[in-house]
Amino acid sequence: MTDVTSGGNFYVAGRAGERSPAAPRGGARAVRLPPERLPPGLRLLGPALVVLAWEAASRLGLLSPATLTAPSTALVTGYQMFSDGSLLPHLLASAGRAYSGLFLGVLAGVVLALLSGLTRTGEALIDGLVQIKRAVPTLALIPLVIIWLGIGEAMKVFLIFTAVLVPVYINTHAALRGIDIGHIELARTLGLTRGEFIRHVALPGALPGFFVSLRLAVALCWTALVVLELINTQTGIGYLMNRARDWGQTDIIVVGIIIYAVLGLVSDAVVRAVEARVLSYRRSLGS
Amino acid sequence: MTFHRPITPSVVLRDLSRSFRGKTVLDRVSLEIPRGQFVALLGESGSGKTTLLRALAGLDDDAETAGHFQVAGSSSVLFQDSRLLPWMSVIGNVTLGLRRPDGRAAALEMLEAVGLGDKADVWPSTLSGGQKQRASLARSLLREPDVLLADEPFGALDALTRLRMQALLLRLVERQRPTVILVTHDVEEALLLSDRILVLKDGRIAEDHPVRMPQPRRVDHPDFAGLRQTLLSSLGVEAETV
């Protein structure tokens, strides 16, 4: 009895010149059309090379600290700011704004997408409005929102909220509208009620689209924040970076950039981990 | 298969026509199917056999329809693609929309009967094509439908799996005795399974053959070859090519 594994071993172990009796199907010489899965960690190769080159350029004097600080200096500065307690309040202020806006935007985006994706009245009332909002850049609303809400926290959270709402709505709505017609027919022949259809067919079917939108939203809330923290504030990572620009402290600017990058990556990883758990029924290529 | 067969019609069609964007697919079809009869619908692609089945299933009701049809009691559809929801376990799929208090126990029993007793809690994506179709069959029969509407249910399966599935379908149908309408393009499948074979041509019923061979049927039964030849030539397959 030869099973698949030992058959594979036999093929691999076959000496040069020997002809394998088994066809090399899936064997070492089979052509792989999609690239093979990357071993964990190798994804970081590119970023690591850039950081190394940057550090080297700084050490060799090719890069003046006034233009761009060395990554090692930025790390030291970041560590100092963290340990003397001057960083944390700013980080918390930024995170508070970003995540309140994210929470409200995702909530509203999903609710609007459900109303619009599952009812005709909803679509008639909501879809056009959101499409118009999509065409207007969030930052173009800043002057108006400042007149309405002032220059305080409400304005910042509101603008993040509107920035996040659009992609969440668009993707979730598209996913709800793109339900497999076969599944709709199945639901009809099984005599599902509208409630059962929404719960068992429409919502689970729209979840992958929702997760795509969530990843976009998580990235967007931090992006919007950078600009908004240039306006009338004494707290936040954006404020720190802006002040550092006035004083020519490129190390603090780099610290801010690193914090944004880390927060973006971590947030994305969290969403992906949740997604992998929730959508565990899917077996797909890559991650 | 001649006992307990009341003559009350289970499915009635009266001059049923259906067209899609002006193109007539069903053309004044009239038909009566007694309760418990196993009917095979044969026909070339585009002859209207799937449209007829989908009409009985209550689908495509946005098409232009004339005439009327009636299906007595409950019906259940067996699709060619098993249409299992990928985000639900096999048993979740099988019991979806089921309104019976003993749903889970009955579903486990039905999964056992179709040979998926150990697959109740797995995702459908881990099943083979034949297993998916078994799950789909379990989902349909668990509802104990009065009419089972099967749209080329074994068309996408390999030859051996198809034979096994045909035997399984026959066994389960003998147990529940629903009326069965099986759309197929496989003449032998129709001959092995059905009590009556209808040939559709251009949206009309062109031929109506009773099949009187006893079950279990064998391809070497004397009636088999003759009827097979008749059906093949009415489907436009020339004698020398088969």
# chains A, B, ... in the order shown; residues from 1 in each chain; ligands from 1
$ select_by_dssp --residues "range 149-213 of chain B" --states "strand (DSSP E)" --output "compact mmCIF listing (two decimals) with N, CA and C atoms, in the first residue's frame"
# COMPACT_ATOMS: atom_id res chain seq x y z
N LEU B 149 -38.82 18.34 -6.78
CA LEU B 149 -38.46 18.89 -8.08
C LEU B 149 -36.95 18.86 -8.22
N ALA B 150 -36.44 18.03 -9.11
CA ALA B 150 -34.98 17.86 -9.20
C ALA B 150 -34.49 18.33 -10.56
N ASP B 151 -33.60 19.34 -10.52
CA ASP B 151 -33.11 19.94 -11.76
C ASP B 151 -31.71 19.43 -12.06
N THR B 179 -44.20 12.65 -5.21
CA THR B 179 -44.18 12.79 -6.66
C THR B 179 -42.81 13.36 -7.00
N VAL B 180 -42.18 12.83 -8.05
CA VAL B 180 -40.85 13.34 -8.40
C VAL B 180 -40.87 13.83 -9.84
N ILE B 181 -40.35 15.02 -10.06
CA ILE B 181 -40.12 15.47 -11.43
C ILE B 181 -38.62 15.69 -11.56
N LEU B 182 -38.01 14.90 -12.42
CA LEU B 182 -36.56 14.92 -12.56
C LEU B 182 -36.20 15.45 -13.95
N VAL B 183 -35.58 16.59 -13.98
CA VAL B 183 -35.08 17.11 -15.25
C VAL B 183 -33.71 16.50 -15.49
N ARG B 196 -42.28 7.34 -15.92
CA ARG B 196 -42.84 8.00 -17.09
C ARG B 196 -41.81 9.00 -17.59
N ILE B 197 -41.64 9.02 -18.91
CA ILE B 197 -40.65 9.92 -19.48
C ILE B 197 -41.34 10.88 -20.45
N LEU B 198 -41.16 12.17 -20.19
CA LEU B 198 -41.70 13.17 -21.10
C LEU B 198 -40.55 13.77 -21.89
N VAL B 199 -40.74 13.91 -23.20
CA VAL B 199 -39.71 14.55 -24.01
C VAL B 199 -40.22 15.93 -24.40
N LEU B 200 -39.48 16.96 -24.04
CA LEU B 200 -39.85 18.33 -24.41
C LEU B 200 -39.12 18.75 -25.66
N LYS B 201 -39.84 19.45 -26.52
CA LYS B 201 -39.22 19.97 -27.73
C LYS B 201 -39.80 21.35 -28.00
N ARG B 204 -42.75 22.43 -25.86
CA ARG B 204 -43.98 21.64 -25.80
C ARG B 204 -43.62 20.20 -25.47
N ILE B 205 -44.62 19.48 -24.94
CA ILE B 205 -44.38 18.06 -24.65
C ILE B 205 -44.55 17.30 -25.95
N ALA B 206 -43.46 16.77 -26.49
CA ALA B 206 -43.50 16.11 -27.79
C ALA B 206 -43.84 14.64 -27.63
N GLU B 207 -43.39 14.03 -26.55
CA GLU B 207 -43.64 12.60 -26.37
C GLU B 207 -43.88 12.31 -24.90
N ASP B 208 -44.63 11.24 -24.66
CA ASP B 208 -44.99 10.85 -23.30
C ASP B 208 -44.93 9.33 -23.23
N HIS B 209 -43.86 8.78 -22.65
CA HIS B 209 -43.65 7.33 -22.63
C HIS B 209 -43.82 6.78 -21.22
N PRO B 210 -44.70 5.79 -21.04
CA PRO B 210 -44.68 5.10 -19.75
C PRO B 210 -43.48 4.15 -19.69
$ interface_residues --of "chain A" --to "chain B" --cutoff "9 Å" --atoms "only C-alpha atoms" --output "ChimeraX atom specification"
/A:182-183,185-193,196,200-201,204-205,279-283
$ write_last_selection --atoms "C-alpha atoms" --output "short mmCIF file (atom, residue, chain, number, x, y, z; two decimals), in the first residue's frame"
data_model
loop_
_atom_site.label_atom_id
_atom_site.label_comp_id
_atom_site.auth_asym_id
_atom_site.auth_seq_id
_atom_site.Cartn_x
_atom_site.Cartn_y
_atom_site.Cartn_z
CA GLY A 182 -28.81 30.96 -6.29
CA HIS A 183 -28.97 31.55 -2.55
CA GLU A 185 -33.76 31.11 -4.98
CA LEU A 186 -32.84 28.53 -2.40
CA ALA A 187 -34.28 30.72 0.36
CA ARG A 188 -37.51 31.05 -1.60
CA THR A 189 -37.87 27.33 -2.25
CA LEU A 190 -37.16 26.59 1.42
CA GLY A 191 -39.88 29.05 2.38
CA LEU A 192 -37.66 31.23 4.57
CA THR A 193 -39.28 34.27 6.15
CA GLU A 196 -34.67 34.25 8.40
CA HIS A 200 -29.06 33.34 7.62
CA VAL A 201 -28.41 34.41 4.03
CA PRO A 204 -23.50 36.24 6.51
CA GLY A 205 -23.15 36.73 2.76
CA LEU A 279 -14.96 33.76 8.15
CA SER A 280 -13.21 30.52 9.08
CA TYR A 281 -15.44 28.63 6.64
CA ARG A 282 -13.51 30.10 3.74
CA ARG A 283 -10.48 28.32 2.44
#
$ select_by_dssp --residues "range 8-231 of chain B" --states "alpha helix (DSSP H)" --output "CSV table (one decimal) with N, CA and C atoms, in the first residue's frame"
chain,number,residue,atom,x,y,z
B,49,LYS,N,-37.2,22.4,-20.4
B,49,LYS,CA,-37.5,21.5,-19.3
B,49,LYS,C,-37.1,22.1,-17.9
B,50,THR,N,-36.0,22.9,-17.9
B,50,THR,CA,-35.7,23.5,-16.6
B,50,THR,C,-36.7,24.7,-16.3
B,51,THR,N,-37.1,25.4,-17.4
B,51,THR,CA,-38.1,26.4,-17.2
B,51,THR,C,-39.4,25.9,-16.6
B,52,LEU,N,-39.8,24.7,-17.1
B,52,LEU,CA,-41.0,24.0,-16.5
B,52,LEU,C,-40.8,23.7,-15.1
B,53,LEU,N,-39.7,23.2,-14.7
B,53,LEU,CA,-39.4,22.8,-13.3
B,53,LEU,C,-39.4,24.0,-12.4
B,54,ARG,N,-38.7,25.1,-12.9
B,54,ARG,CA,-38.6,26.3,-12.1
B,54,ARG,C,-40.0,27.0,-11.9
B,55,ALA,N,-40.8,26.8,-12.9
B,55,ALA,CA,-42.2,27.4,-12.8
B,55,ALA,C,-42.9,26.7,-11.7
B,56,LEU,N,-42.8,25.3,-11.7
B,56,LEU,CA,-43.5,24.6,-10.6
B,56,LEU,C,-42.9,24.9,-9.2
B,90,VAL,N,-23.0,21.7,7.8
B,90,VAL,CA,-23.9,20.8,7.0
B,90,VAL,C,-25.3,20.7,7.6
B,91,ILE,N,-25.3,20.4,8.9
B,91,ILE,CA,-26.6,20.2,9.6
B,91,ILE,C,-27.4,21.5,9.6
B,92,GLY,N,-26.7,22.7,9.8
B,92,GLY,CA,-27.3,24.0,9.7
B,92,GLY,C,-28.0,24.2,8.3
B,93,ASN,N,-27.3,23.8,7.3
B,93,ASN,CA,-27.9,23.9,6.0
B,93,ASN,C,-29.1,23.0,5.8
B,94,VAL,N,-29.0,21.8,6.3
B,94,VAL,CA,-30.0,20.8,6.1
B,94,VAL,C,-31.3,21.2,6.9
B,103,GLY,N,-36.4,18.9,14.7
B,103,GLY,CA,-35.6,19.1,13.5
B,103,GLY,C,-34.2,18.5,13.5
B,104,ARG,N,-33.4,18.7,14.6
B,104,ARG,CA,-32.1,18.3,14.7
B,104,ARG,C,-31.9,16.7,14.6
B,105,ALA,N,-32.8,16.1,15.4
B,105,ALA,CA,-32.7,14.6,15.5
B,105,ALA,C,-33.1,14.0,14.1
B,106,ALA,N,-34.2,14.6,13.5
B,106,ALA,CA,-34.6,14.1,12.2
B,106,ALA,C,-33.5,14.4,11.2
B,107,ALA,N,-32.8,15.5,11.3
B,107,ALA,CA,-31.8,15.9,10.3
B,107,ALA,C,-30.6,14.9,10.5
B,108,LEU,N,-30.2,14.6,11.7
B,108,LEU,CA,-29.1,13.6,11.9
B,108,LEU,C,-29.5,12.3,11.3
B,109,GLU,N,-30.7,11.9,11.5
B,109,GLU,CA,-31.2,10.6,10.9
B,109,GLU,C,-31.1,10.6,9.4
B,110,MET,N,-31.6,11.7,8.8
B,110,MET,CA,-31.5,11.9,7.4
B,110,MET,C,-30.1,11.9,6.8
B,111,LEU,N,-29.2,12.6,7.6
B,111,LEU,CA,-27.8,12.6,7.1
B,111,LEU,C,-27.2,11.2,7.2
B,112,GLU,N,-27.6,10.5,8.2
B,112,GLU,CA,-27.2,9.1,8.3
B,112,GLU,C,-27.7,8.3,7.1
B,113,ALA,N,-28.9,8.5,6.7
B,113,ALA,CA,-29.5,7.8,5.6
B,113,ALA,C,-28.8,8.1,4.3
B,129,GLY,N,-18.0,16.8,-4.3
B,129,GLY,CA,-19.2,17.1,-5.1
B,129,GLY,C,-20.4,16.2,-4.8
B,130,GLY,N,-20.0,14.9,-4.7
B,130,GLY,CA,-21.1,13.9,-4.4
B,130,GLY,C,-21.7,14.1,-3.0
B,131,GLN,N,-20.8,14.4,-2.0
B,131,GLN,CA,-21.2,14.6,-0.7
B,131,GLN,C,-22.1,15.9,-0.6
B,132,LYS,N,-21.7,16.9,-1.3
B,132,LYS,CA,-22.6,18.1,-1.3
B,132,LYS,C,-24.0,17.8,-1.8
B,133,GLN,N,-24.0,17.0,-2.8
B,133,GLN,CA,-25.3,16.7,-3.4
B,133,GLN,C,-26.1,15.7,-2.5
B,134,ARG,N,-25.4,14.9,-1.7
B,134,ARG,CA,-26.1,14.1,-0.7
B,134,ARG,C,-26.7,15.0,0.4
B,135,ALA,N,-25.9,16.0,0.8
B,135,ALA,CA,-26.4,17.0,1.8
B,135,ALA,C,-27.7,17.7,1.3
B,136,SER,N,-27.6,18.1,0.0
B,136,SER,CA,-28.7,18.8,-0.6
B,136,SER,C,-29.9,17.9,-0.7
B,137,LEU,N,-29.7,16.6,-1.0
B,137,LEU,CA,-30.8,15.7,-1.1
B,137,LEU,C,-31.4,15.5,0.3
B,138,ALA,N,-30.5,15.4,1.4
B,138,ALA,CA,-31.0,15.3,2.7
B,138,ALA,C,-31.9,16.6,3.1
B,139,ARG,N,-31.4,17.7,2.7
B,139,ARG,CA,-32.2,19.0,3.0
B,139,ARG,C,-33.6,18.9,2.3
B,140,SER,N,-33.6,18.4,1.1
B,140,SER,CA,-34.9,18.4,0.4
B,140,SER,C,-35.9,17.3,1.0
B,141,LEU,N,-35.3,16.1,1.3
B,141,LEU,CA,-36.2,15.1,1.7
B,141,LEU,C,-36.6,15.2,3.2
B,142,LEU,N,-35.8,15.9,4.0
B,142,LEU,CA,-36.1,16.1,5.4
B,142,LEU,C,-37.4,16.8,5.5
B,159,ALA,N,-19.3,9.7,-13.2
B,159,ALA,CA,-20.2,8.6,-13.6
B,159,ALA,C,-20.5,7.6,-12.4
B,160,LEU,N,-19.4,7.3,-11.7
B,160,LEU,CA,-19.6,6.3,-10.6
B,160,LEU,C,-20.5,6.9,-9.5
B,161,THR,N,-20.1,8.2,-9.1
B,161,THR,CA,-20.9,8.9,-8.1
B,161,THR,C,-22.3,9.0,-8.5
B,162,ARG,N,-22.5,9.3,-9.8
B,162,ARG,CA,-23.9,9.4,-10.3
B,162,ARG,C,-24.7,8.2,-10.1
B,163,LEU,N,-24.1,7.0,-10.4
B,163,LEU,CA,-24.8,5.7,-10.2
B,163,LEU,C,-25.2,5.5,-8.8
B,164,ARG,N,-24.3,5.8,-7.9
B,164,ARG,CA,-24.6,5.7,-6.4
B,164,ARG,C,-25.7,6.6,-6.0
B,165,MET,N,-25.6,7.9,-6.5
B,165,MET,CA,-26.7,8.8,-6.1
B,165,MET,C,-28.0,8.5,-6.7
B,166,GLN,N,-28.0,7.9,-7.9
B,166,GLN,CA,-29.3,7.5,-8.4
B,166,GLN,C,-29.9,6.4,-7.6
B,167,ALA,N,-29.1,5.4,-7.1
B,167,ALA,CA,-29.6,4.3,-6.3
B,167,ALA,C,-30.1,4.9,-5.0
B,168,LEU,N,-29.4,5.9,-4.4
B,168,LEU,CA,-29.8,6.5,-3.2
B,168,LEU,C,-31.1,7.2,-3.3
B,169,LEU,N,-31.2,8.0,-4.4
B,169,LEU,CA,-32.5,8.7,-4.6
B,169,LEU,C,-33.6,7.8,-4.7
B,170,LEU,N,-33.4,6.7,-5.4
B,170,LEU,CA,-34.5,5.7,-5.6
B,170,LEU,C,-34.9,5.1,-4.3
B,171,ARG,N,-33.9,4.8,-3.5
B,171,ARG,CA,-34.2,4.2,-2.2
B,171,ARG,C,-35.0,5.1,-1.3
B,172,LEU,N,-34.6,6.4,-1.2
B,172,LEU,CA,-35.2,7.3,-0.3
B,172,LEU,C,-36.6,7.7,-0.9
B,173,VAL,N,-36.8,7.7,-2.2
B,173,VAL,CA,-38.1,8.0,-2.8
B,173,VAL,C,-39.1,6.9,-2.5
B,174,GLU,N,-38.6,5.7,-2.5
B,174,GLU,CA,-39.4,4.5,-2.2
B,174,GLU,C,-40.0,4.6,-0.8
B,175,ARG,N,-39.1,5.2,0.1
B,175,ARG,CA,-39.5,5.3,1.5
B,175,ARG,C,-40.6,6.4,1.7
B,176,GLN,N,-40.4,7.5,1.1
B,176,GLN,CA,-41.3,8.6,1.3
B,176,GLN,C,-42.4,8.7,0.3
B,187,VAL,N,-30.5,10.0,-20.9
B,187,VAL,CA,-31.5,9.0,-21.2
B,187,VAL,C,-31.5,7.8,-20.3
B,188,GLU,N,-30.3,7.3,-20.0
B,188,GLU,CA,-30.2,6.1,-19.2
B,188,GLU,C,-30.7,6.4,-17.7
B,189,GLU,N,-30.4,7.6,-17.2
B,189,GLU,CA,-30.9,8.0,-15.9
B,189,GLU,C,-32.4,8.0,-15.9
B,190,ALA,N,-33.0,8.6,-16.9
B,190,ALA,CA,-34.5,8.6,-17.0
B,190,ALA,C,-35.0,7.2,-17.0
B,191,LEU,N,-34.4,6.3,-17.8
B,191,LEU,CA,-34.9,4.9,-17.9
B,191,LEU,C,-34.7,4.1,-16.6
B,192,LEU,N,-33.6,4.4,-15.9
B,192,LEU,CA,-33.4,3.6,-14.7
B,192,LEU,C,-34.3,4.1,-13.6
B,193,LEU,N,-34.7,5.3,-13.5
B,193,LEU,CA,-35.4,5.9,-12.4
B,193,LEU,C,-36.9,6.1,-12.5
B,222,PRO,N,-35.0,-6.4,-21.6
B,222,PRO,CA,-35.3,-6.3,-23.1
B,222,PRO,C,-36.0,-5.0,-23.5
B,223,ASP,N,-36.8,-4.4,-22.6
B,223,ASP,CA,-37.4,-3.1,-23.1
B,223,ASP,C,-36.4,-2.0,-23.1
B,224,PHE,N,-35.3,-2.1,-22.4
B,224,PHE,CA,-34.4,-1.0,-22.1
B,224,PHE,C,-33.9,-0.4,-23.4
B,225,ALA,N,-33.2,-1.3,-24.2
B,225,ALA,CA,-32.5,-0.9,-25.4
B,225,ALA,C,-33.5,-0.2,-26.4
B,226,GLY,N,-34.7,-0.8,-26.5
B,226,GLY,CA,-35.6,-0.3,-27.5
B,226,GLY,C,-36.1,1.1,-27.2
B,227,LEU,N,-36.5,1.3,-25.9
B,227,LEU,CA,-36.9,2.6,-25.4
B,227,LEU,C,-35.8,3.6,-25.5
B,228,ARG,N,-34.6,3.2,-25.2
B,228,ARG,CA,-33.5,4.1,-25.2
B,228,ARG,C,-33.2,4.6,-26.6
B,229,GLN,N,-33.4,3.7,-27.6
B,229,GLN,CA,-33.2,4.1,-29.0
B,229,GLN,C,-34.2,5.1,-29.4
B,230,THR,N,-35.5,4.8,-29.0
B,230,THR,CA,-36.6,5.7,-29.4
B,230,THR,C,-36.3,7.1,-28.8
B,231,LEU,N,-35.9,7.1,-27.5
B,231,LEU,CA,-35.7,8.4,-26.9
B,231,LEU,C,-34.5,9.2,-27.5
$ residues_around --residues "Phe103 in chain A" --least-positions-apart "4" --cutoff "8 Å" --atoms "only C-alpha atoms" --output "count of residues only"
3
$ atom_distance --atom1 "CA of Leu118 in chain A" --atom2 "CA of Ile179 in chain A"
11.0 Å
$ atom_distance --atom1 "CA of Leu104 in chain A" --atom2 "CA of Ser86 in chain A"
28.6 Å
$ residues_around --residues "range 25-32 of chain B" --least-positions-apart "4" --cutoff "10 Å" --atoms "only C-alpha atoms" --output "ChimeraX atom specification"
/B:8-20,46-52,55,65-70,198,200-205
$ closest_residue --among "A:Leu115, A:Leu68, A:Leu228, A:Leu63" --to "Pro143 in chain A" --atoms "only C-alpha atoms"
A:Leu228
$ residues_around --residues "Arg21 in chain B" --least-positions-apart "2" --cutoff "9 Å" --atoms "only C-alpha atoms" --output "ChimeraX atom specification"
/B:19,23-24,63-64
$ write_last_selection --atoms "N, CA and C atoms" --output "short mmCIF file (atom, residue, chain, number, x, y, z; two decimals), in the first residue's frame"
data_model
loop_
_atom_site.label_atom_id
_atom_site.label_comp_id
_atom_site.auth_asym_id
_atom_site.auth_seq_id
_atom_site.Cartn_x
_atom_site.Cartn_y
_atom_site.Cartn_z
N SER B 19 -42.63 33.15 -21.26
CA SER B 19 -41.62 33.69 -22.16
C SER B 19 -40.75 34.69 -21.42
N LYS B 23 -39.22 35.94 -25.82
CA LYS B 23 -38.86 34.64 -26.37
C LYS B 23 -39.65 33.56 -25.63
N THR B 24 -40.47 32.82 -26.37
CA THR B 24 -41.32 31.81 -25.75
C THR B 24 -40.48 30.57 -25.41
N ALA B 63 -41.23 36.35 -15.08
CA ALA B 63 -41.38 36.08 -16.51
C ALA B 63 -42.84 36.26 -16.92
N GLU B 64 -43.06 36.50 -18.22
CA GLU B 64 -44.45 36.62 -18.71
C GLU B 64 -45.05 35.22 -18.73
#
$ atom_distance --atom1 "CA of Arg212 in chain B" --atom2 "CA of Phe38 in chain B"
11.8 Å
